[in-house]
$ cat data-v4.csv   # CSV, C-alpha atoms and all ligand atoms
chain,number,residue,atom,x,y,z
A,160,MET,CA,-88.0,-16.1,15.7
A,161,ARG,CA,-85.9,-13.6,13.8
A,162,GLN,CA,-82.2,-14.2,13.8
A,163,ALA,CA,-80.3,-11.0,14.3
A,164,LEU,CA,-78.4,-9.7,11.4
A,165,ILE,CA,-75.3,-7.5,11.8
A,166,ALA,CA,-74.4,-6.2,8.4
A,167,GLY,CA,-71.4,-4.0,7.6
A,168,ASN,CA,-71.5,-1.2,5.0
A,169,TRP,CA,-67.9,-0.4,4.1
A,170,LYS,CA,-69.1,2.4,1.8
A,171,MET,CA,-66.1,3.6,-0.4
A,172,ASN,CA,-63.5,2.3,1.9
A,173,GLY,CA,-61.0,-0.6,1.7
A,174,SER,CA,-57.9,-1.9,-0.1
A,175,LEU,CA,-56.9,-5.4,-0.9
A,176,ALA,CA,-54.5,-5.4,2.1
A,177,ALA,CA,-56.8,-3.8,4.6
A,178,ASN,CA,-59.7,-6.0,3.6
A,179,ALA,CA,-57.6,-9.2,3.9
A,180,ALA,CA,-56.7,-8.3,7.4
A,181,LEU,CA,-60.2,-7.4,8.4
A,182,LEU,CA,-61.9,-10.4,6.8
A,183,THR,CA,-59.4,-12.8,8.2
A,184,ALA,CA,-60.0,-11.5,11.7
A,185,LEU,CA,-63.8,-11.7,11.2
A,186,ARG,CA,-63.6,-15.2,9.9
A,187,GLU,CA,-61.4,-16.4,12.7
A,188,GLN,CA,-63.5,-14.8,15.5
A,189,SER,CA,-67.0,-15.3,14.3
A,190,GLN,CA,-67.6,-18.9,15.1
A,191,SER,CA,-69.3,-18.5,18.5
A,192,LEU,CA,-71.7,-15.7,17.4
A,193,HIS,CA,-75.4,-16.2,17.7
A,194,CYS,CA,-76.3,-13.6,15.1
A,195,GLU,CA,-75.8,-13.7,11.3
A,196,LEU,CA,-72.9,-11.5,10.1
A,197,ALA,CA,-72.6,-10.0,6.7
A,198,VAL,CA,-70.3,-7.6,4.9
A,199,CYS,CA,-71.3,-5.2,2.0
A,200,ALA,CA,-68.2,-4.0,0.2
A,201,PRO,CA,-67.5,-2.0,-2.9
A,202,ALA,CA,-68.0,-4.0,-6.1
A,203,PRO,CA,-64.3,-4.4,-7.0
A,204,TYR,CA,-63.8,-6.3,-3.8
A,205,LEU,CA,-66.6,-8.9,-4.2
A,206,PHE,CA,-64.2,-11.5,-5.6
A,207,GLN,CA,-62.0,-11.0,-2.6
A,208,LEU,CA,-65.0,-11.4,-0.3
A,209,GLN,CA,-66.0,-14.6,-2.1
A,210,SER,CA,-62.4,-16.0,-1.9
A,211,LEU,CA,-61.9,-15.2,1.8
A,212,LEU,CA,-65.4,-15.8,3.2
A,213,ALA,CA,-66.6,-18.9,1.2
A,214,GLY,CA,-67.1,-21.8,3.6
A,215,SER,CA,-67.4,-19.5,6.6
A,216,SER,CA,-70.6,-18.5,8.4
A,217,ILE,CA,-70.3,-14.9,7.2
A,218,ASN,CA,-72.4,-13.7,4.2
A,219,TRP,CA,-71.5,-10.9,1.9
A,220,GLY,CA,-73.0,-8.5,-0.5
A,221,ALA,CA,-72.9,-5.2,-2.5
A,222,GLN,CA,-74.0,-1.6,-1.8
A,223,ASP,CA,-76.1,-1.0,-4.9
A,224,LEU,CA,-77.2,-2.6,-8.1
A,225,SER,CA,-78.7,-1.6,-11.4
A,226,VAL,CA,-82.3,-1.9,-12.3
A,227,HIS,CA,-81.3,-3.1,-15.7
A,228,GLU,CA,-80.3,-6.6,-16.6
A,229,ALA,CA,-77.4,-5.8,-19.0
A,230,GLY,CA,-76.5,-3.4,-21.7
A,231,ALA,CA,-75.3,0.2,-22.3
A,232,TYR,CA,-75.3,1.4,-18.7
A,233,THR,CA,-71.7,2.5,-18.2
A,234,GLY,CA,-70.5,2.2,-14.6
A,235,GLU,CA,-73.5,0.1,-13.4
A,236,VAL,CA,-73.3,-3.3,-11.8
A,237,SER,CA,-76.1,-5.9,-12.6
A,238,ALA,CA,-77.8,-8.4,-10.3
A,239,SER,CA,-76.4,-11.3,-12.2
A,240,MET,CA,-72.8,-9.9,-11.7
A,241,LEU,CA,-73.5,-9.9,-8.0
A,242,GLN,CA,-74.7,-13.5,-8.3
A,243,ASP,CA,-71.5,-14.4,-10.0
A,244,PHE,CA,-69.7,-13.5,-6.8
A,245,ALA,CA,-72.2,-15.4,-4.7
A,246,CYS,CA,-73.6,-12.3,-3.0
A,247,ARG,CA,-76.5,-12.8,-0.6
A,248,TYR,CA,-77.3,-9.2,0.1
A,249,VAL,CA,-77.4,-5.9,-1.7
A,250,ILE,CA,-78.1,-2.5,0.0
A,251,VAL,CA,-80.7,-0.4,-1.8
A,252,GLY,CA,-81.7,3.2,-1.2
A,253,HIS,CA,-78.9,4.1,1.2
A,254,SER,CA,-79.4,7.7,2.2
A,255,GLU,CA,-76.1,8.6,0.6
A,256,ARG,CA,-77.3,7.3,-2.7
A,257,ARG,CA,-80.7,9.0,-2.3
A,258,ALA,CA,-78.9,12.3,-1.5
A,259,MET,CA,-75.9,12.2,-3.8
A,260,HIS,CA,-77.3,10.2,-6.7
A,261,ALA,CA,-80.8,11.4,-6.7
A,262,GLU,CA,-82.3,8.0,-6.1
A,263,THR,CA,-86.1,8.2,-5.7
A,264,SER,CA,-88.2,5.8,-3.6
A,265,GLU,CA,-89.7,4.5,-6.9
A,266,LEU,CA,-86.2,3.6,-8.2
A,267,VAL,CA,-85.3,2.0,-4.9
A,268,ALA,CA,-88.4,-0.1,-5.2
A,269,LEU,CA,-87.4,-1.2,-8.7
A,270,LYS,CA,-83.9,-2.1,-7.4
A,271,ALA,CA,-85.4,-4.1,-4.6
A,272,ALA,CA,-87.5,-6.0,-7.1
A,273,ARG,CA,-84.6,-6.6,-9.4
A,274,ALA,CA,-82.5,-8.0,-6.5
A,275,LEU,CA,-85.3,-10.3,-5.4
A,276,SER,CA,-85.8,-11.6,-8.9
A,277,ALA,CA,-82.1,-12.5,-9.0
A,278,GLY,CA,-82.3,-14.4,-5.7
A,279,LEU,CA,-80.5,-11.6,-3.7
A,280,VAL,CA,-81.8,-10.2,-0.5
A,281,PRO,CA,-82.2,-6.4,-0.7
A,282,ILE,CA,-81.5,-4.4,2.4
A,283,VAL,CA,-83.9,-1.5,1.8
A,284,CYS,CA,-82.8,1.7,3.7
A,285,VAL,CA,-85.2,4.4,4.9
A,286,GLY,CA,-84.9,7.3,7.3
A,287,GLU,CA,-85.5,10.9,7.9
A,288,THR,CA,-83.2,14.0,7.9
A,289,LEU,CA,-82.8,16.1,11.0
A,290,ALA,CA,-85.0,18.8,9.6
A,291,GLU,CA,-87.7,16.3,8.9
A,292,ARG,CA,-87.5,14.8,12.4
A,293,GLU,CA,-87.5,18.3,14.0
A,294,SER,CA,-90.6,19.2,12.0
A,295,GLY,CA,-92.4,16.0,13.1
A,296,GLN,CA,-92.3,14.4,9.7
A,297,THR,CA,-90.5,11.2,10.5
A,298,ALA,CA,-93.5,8.9,10.1
A,299,VAL,CA,-94.6,10.6,6.9
A,300,VAL,CA,-91.1,10.4,5.3
A,301,VAL,CA,-90.7,6.8,6.2
A,302,GLU,CA,-94.1,6.0,4.8
A,303,GLN,CA,-93.3,7.8,1.6
A,304,GLN,CA,-90.0,5.9,1.2
A,305,LEU,CA,-91.6,2.6,2.1
A,306,SER,CA,-94.8,2.6,0.3
A,307,PRO,CA,-93.4,2.3,-3.3
A,308,VAL,CA,-91.4,-0.7,-2.1
A,309,LEU,CA,-94.4,-2.4,-0.5
A,310,ASP,CA,-96.6,-1.7,-3.5
A,311,LYS,CA,-94.0,-3.1,-5.9
A,312,LEU,CA,-93.0,-6.2,-4.0
A,313,GLY,CA,-96.4,-7.5,-3.0
A,314,SER,CA,-96.2,-11.1,-2.1
A,315,GLN,CA,-92.4,-11.0,-2.1
A,316,LEU,CA,-92.1,-8.9,1.0
A,317,ALA,CA,-90.9,-11.7,3.2
A,318,GLY,CA,-87.7,-11.8,1.2
A,319,ILE,CA,-86.4,-8.3,2.2
A,320,VAL,CA,-84.5,-6.7,5.1
A,321,ILE,CA,-85.3,-3.1,6.0
A,322,ALA,CA,-82.8,-0.8,7.6
A,323,TYR,CA,-84.1,2.3,9.5
A,324,GLU,CA,-81.3,4.8,9.3
A,325,PRO,CA,-82.0,8.3,10.5
A,326,VAL,CA,-79.9,10.4,8.2
A,327,TRP,CA,-78.8,12.6,11.1
A,328,ALA,CA,-77.3,9.7,12.9
A,329,ILE,CA,-75.2,8.3,10.0
A,330,GLY,CA,-71.5,8.9,10.5
A,331,THR,CA,-72.2,11.7,12.9
A,332,GLY,CA,-71.7,9.9,16.2
A,333,LYS,CA,-75.3,10.8,17.1
A,334,THR,CA,-77.4,7.8,17.7
A,335,ALA,CA,-81.1,7.5,18.0
A,336,THR,CA,-82.1,6.5,21.5
A,337,PRO,CA,-83.3,2.9,21.7
A,338,GLU,CA,-86.8,4.2,22.3
A,339,MET,CA,-86.7,6.6,19.3
A,340,ALA,CA,-85.5,3.8,17.1
A,341,GLN,CA,-88.0,1.3,18.5
A,342,GLU,CA,-90.9,3.7,17.8
A,343,VAL,CA,-90.0,3.9,14.1
A,344,HIS,CA,-89.3,0.2,13.9
A,345,GLU,CA,-92.7,-0.6,15.4
A,346,LEU,CA,-94.3,1.7,12.9
A,347,ILE,CA,-92.5,0.0,10.0
A,348,ARG,CA,-93.6,-3.4,11.3
A,349,ALA,CA,-97.2,-2.3,11.6
A,350,ARG,CA,-97.1,-1.0,8.0
A,351,LEU,CA,-95.7,-4.3,6.8
A,352,ALA,CA,-98.5,-6.1,8.7
A,353,GLN,CA,-101.1,-4.1,6.7
A,354,CYS,CA,-99.7,-5.6,3.5
A,355,ASP,CA,-98.8,-9.1,4.8
A,356,ASN,CA,-99.0,-10.3,8.4
A,357,ALA,CA,-96.8,-13.3,7.8
A,358,ALA,CA,-94.1,-11.1,6.2
A,359,ALA,CA,-94.3,-8.6,9.1
A,360,ALA,CA,-93.4,-11.4,11.5
A,361,VAL,CA,-90.3,-12.5,9.7
A,362,VAL,CA,-88.8,-9.4,8.0
A,363,ARG,CA,-85.7,-8.2,9.9
A,364,LEU,CA,-85.6,-4.5,10.7
A,365,LEU,CA,-82.1,-3.2,11.2
A,366,TYR,CA,-81.1,0.0,12.9
A,367,GLY,CA,-78.3,2.0,11.3
A,368,GLY,CA,-76.7,5.3,12.4
A,369,SER,CA,-73.6,5.4,14.6
A,370,MET,CA,-74.2,2.0,16.1
A,371,LYS,CA,-71.1,1.2,18.2
A,372,PRO,CA,-70.0,-1.4,20.7
A,373,ASP,CA,-71.1,0.9,23.6
A,374,ASN,CA,-74.7,1.5,22.4
A,375,ALA,CA,-75.4,-1.7,20.5
A,376,ARG,CA,-76.7,-3.8,23.4
A,377,GLN,CA,-79.4,-1.3,24.4
A,378,LEU,CA,-80.6,-0.8,20.8
A,379,LEU,CA,-80.6,-4.5,20.0
A,380,ALA,CA,-82.6,-5.2,23.1
A,381,MET,CA,-85.6,-3.4,21.7
A,382,PRO,CA,-88.3,-5.8,20.5
A,383,ASP,CA,-88.5,-4.6,16.9
A,384,ILE,CA,-84.7,-4.0,16.3
A,385,ASP,CA,-83.5,-7.2,14.7
A,386,GLY,CA,-79.9,-6.2,14.0
A,387,GLY,CA,-77.8,-3.3,12.7
A,388,LEU,CA,-76.4,-1.8,9.5
A,389,ILE,CA,-73.0,-0.7,10.6
A,390,GLY,CA,-70.9,1.9,8.7
A,391,GLY,CA,-67.8,3.2,10.5
A,392,ALA,CA,-67.6,0.5,13.1
A,393,ALA,CA,-67.7,-2.2,10.5
A,394,LEU,CA,-64.2,-1.2,9.4
A,395,LYS,CA,-62.6,-2.3,12.6
A,396,ALA,CA,-62.8,-6.1,13.3
A,397,ALA,CA,-62.9,-5.6,17.1
A,398,ASP,CA,-65.8,-3.1,17.0
A,399,PHE,CA,-67.8,-5.0,14.4
A,400,LEU,CA,-67.4,-8.2,16.4
A,401,ALA,CA,-68.3,-6.5,19.7
A,402,ILE,CA,-71.5,-5.3,18.1
A,403,ALA,CA,-72.2,-8.8,16.8
A,404,GLN,CA,-71.6,-10.2,20.3
A,405,ALA,CA,-74.2,-7.8,21.7
A,406,ALA,CA,-76.8,-9.2,19.3
B,501,LIG,C1,-74.4,3.5,7.2
B,501,LIG,O1,-73.6,4.0,6.4
B,501,LIG,O2,-75.3,2.8,6.9
B,501,LIG,C2,-74.2,3.8,8.7
B,501,LIG,C3,-75.1,3.4,9.5
B,501,LIG,O3,-73.0,4.4,9.0
B,501,LIG,P1,-72.4,4.7,10.5
B,501,LIG,O4,-72.6,3.4,11.3
B,501,LIG,O5,-71.0,5.1,10.3
B,501,LIG,O6,-73.3,5.8,11.1
$ encode --input "data-v4.csv" --output "structure tokens"
Amino acid sequence: MRQALIAGNWKMNGSLAANAALLTALREQSQSLHCELAVCAPAPYLFQLQSLLAGSSINWGAQDLSVHEAGAYTGEVSASMLQDFACRYVIVGHSERRAMHAETSELVALKAARALSAGLVPIVCVGETLAERESGQTAVVVEQQLSPVLDKLGSQLAGIVIAYEPVWAIGTGKTATPEMAQEVHELIRARLAQCDNAAAAVVRLLYGGSMKPDNARQLLAMPDIDGGLIGGAALKAADFLAIAQAA
């Protein structure tokens, strides 16, 4: 049985004051949830997450990490730094990083491996652009993004979370229909099973892309959708909690 995970990706949003209000509301209202809740914030706020969420049922994490352990890598954040702030999760390969920071699937695989070796759970993002979907390339693109990760992680596969995030649905208000999302999730699970049957049964597959309170229930009802990676709606306590209640 896979426990649903609803993870927020704050992207480059937040302030000490706004975060405090949001985290306090989440902490106060998350007791009766059946799913796991997590928040992935910009690195400067990890200390605040640790301070305000420690002892609650909410987990937290970062949005990226370096493949390097330490050294002359200006601006990078290492896995051990994330450990210092008791992060559980780290997002790797978000489409915004693939598109704006030229992250390749091979680099994403290295980041996922680095996270796992430090005891962090990588949330590995995959997903096609609109042009790729419209030209019938969705399965090929997802396979190309996934296969370096599967090759690199081998027997560690059970320790990851995968987020299917069609790029055309991120921050656009356009959501994949539950059937469209399920079709890709099923494909991802089958691909995992080719590598490791046991891992395929336990790895949680999140959907991301304009998941909101009004579409979450239908998406989360699909058999291979085990939660959501939530951008915009994670910045409002009421919306984020409503999605979590649907899980
Ligand atoms: C995301 O950034 O991962 C995301 C899914 O964003 P949104 O929910 O705003 O589409």
$ residues_near_ligand --input "data-v4.csv" --ligand "ligand LIG 501 (chain B)" --cutoff "10 Å" --atoms "all atoms listed in the file" --output "ChimeraX atom specification"
/A:166-170,222,250,253-255,284,322-334,365-371,387-394
$ closest_residue --input "data-v4.csv" --among "A:Ala317, A:Ala274, A:Leu266, A:Ala335" --to "Ala357 in chain A" --atoms "all atoms listed in the file"
A:Ala317
$ atom_distance --input "data-v4.csv" --atom1 "CA of Leu289 in chain A" --atom2 "CA of Leu378 in chain A"
19.7 Å
$ closest_residue --input "data-v4.csv" --among "A:Gly252, A:Gly278, A:Gly234, A:Gly220" --to "Ala197 in chain A" --atoms "only C-alpha atoms"
A:Gly220
$ atom_distance --input "data-v4.csv" --atom1 "CA of Tyr232 in chain A" --atom2 "CA of Gln304 in chain A"
25.1 Å
$ closest_residue --input "data-v4.csv" --among "A:Leu185, A:Cys194, A:Cys246, A:Leu305" --to "Ala405 in chain A" --atoms "only C-alpha atoms"
A:Cys194
$ closest_residue --input "data-v4.csv" --among "A:Ile347, A:Val308, A:Ala245, A:Val320" --to "Gly214 in chain A" --atoms "only C-alpha atoms"
A:Ala245
$ closest_residue --input "data-v4.csv" --among "A:His193, A:Lys270, A:Lys311, A:Arg350" --to "Val299 in chain A" --atoms "all atoms listed in the file"
A:Arg350
$ closest_residue --input "data-v4.csv" --among "A:Met240, A:Ile165, A:Leu224, A:Ala213" --to "Leu196 in chain A" --atoms "only C-alpha atoms"
A:Ile165
$ axis_aligned_box --input "data-v4.csv" --around "range 270-277 of chain A" --padding-each-side "3 Å" --output "lines of an AutoDock Vina configuration file"
center_x = -84.8
center_y = -7.3
center_z = -7.0
size_x = 11.4
size_y = 16.4
size_z = 10.8
$ residues_around --input "data-v4.csv" --residues "Tyr248 in chain A" --least-positions-apart "5" --cutoff "7 Å" --atoms "only C-alpha atoms" --output "PyMOL selection string"
chain A and resi 219-221+279-282
$ residues_around --input "data-v4.csv" --residues "Thr297 in chain A" --least-positions-apart "4" --cutoff "8 Å" --atoms "all atoms listed in the file" --output "list in words"
Gly286, Glu287, Glu291, Arg292 and Val301 of chain A
$ residues_around --input "data-v4.csv" --residues "Val236 in chain A" --least-positions-apart "3" --cutoff "10 Å" --atoms "all atoms listed in the file" --output "PyMOL selection string"
chain A and resi 202+221+223-229+232-233+239-241
$ atom_distance --input "data-v4.csv" --atom1 "CA of Leu205 in chain A" --atom2 "CA of Ala397 in chain A"
21.9 Å
$ residues_around --input "data-v4.csv" --residues "Arg363 in chain A" --least-positions-apart "6" --cutoff "8 Å" --atoms "all atoms listed in the file" --output "MDAnalysis selection string"
chainID A and resid 161:164 319:321 384:386
$ residues_near_point --input "data-v4.csv" --point "(-69.6, -2.2, 18.5)" --cutoff "6 Å" --atoms "all atoms listed in the file" --output "list in words"
Lys371, Pro372, Asp398, Phe399, Ala401 and Ile402 of chain A
$ residues_around --input "data-v4.csv" --residues "Leu346 in chain A" --least-positions-apart "4" --cutoff "10 Å" --atoms "only C-alpha atoms" --output "ChimeraX atom specification"
/A:298,301-302,340-342,350-352,383
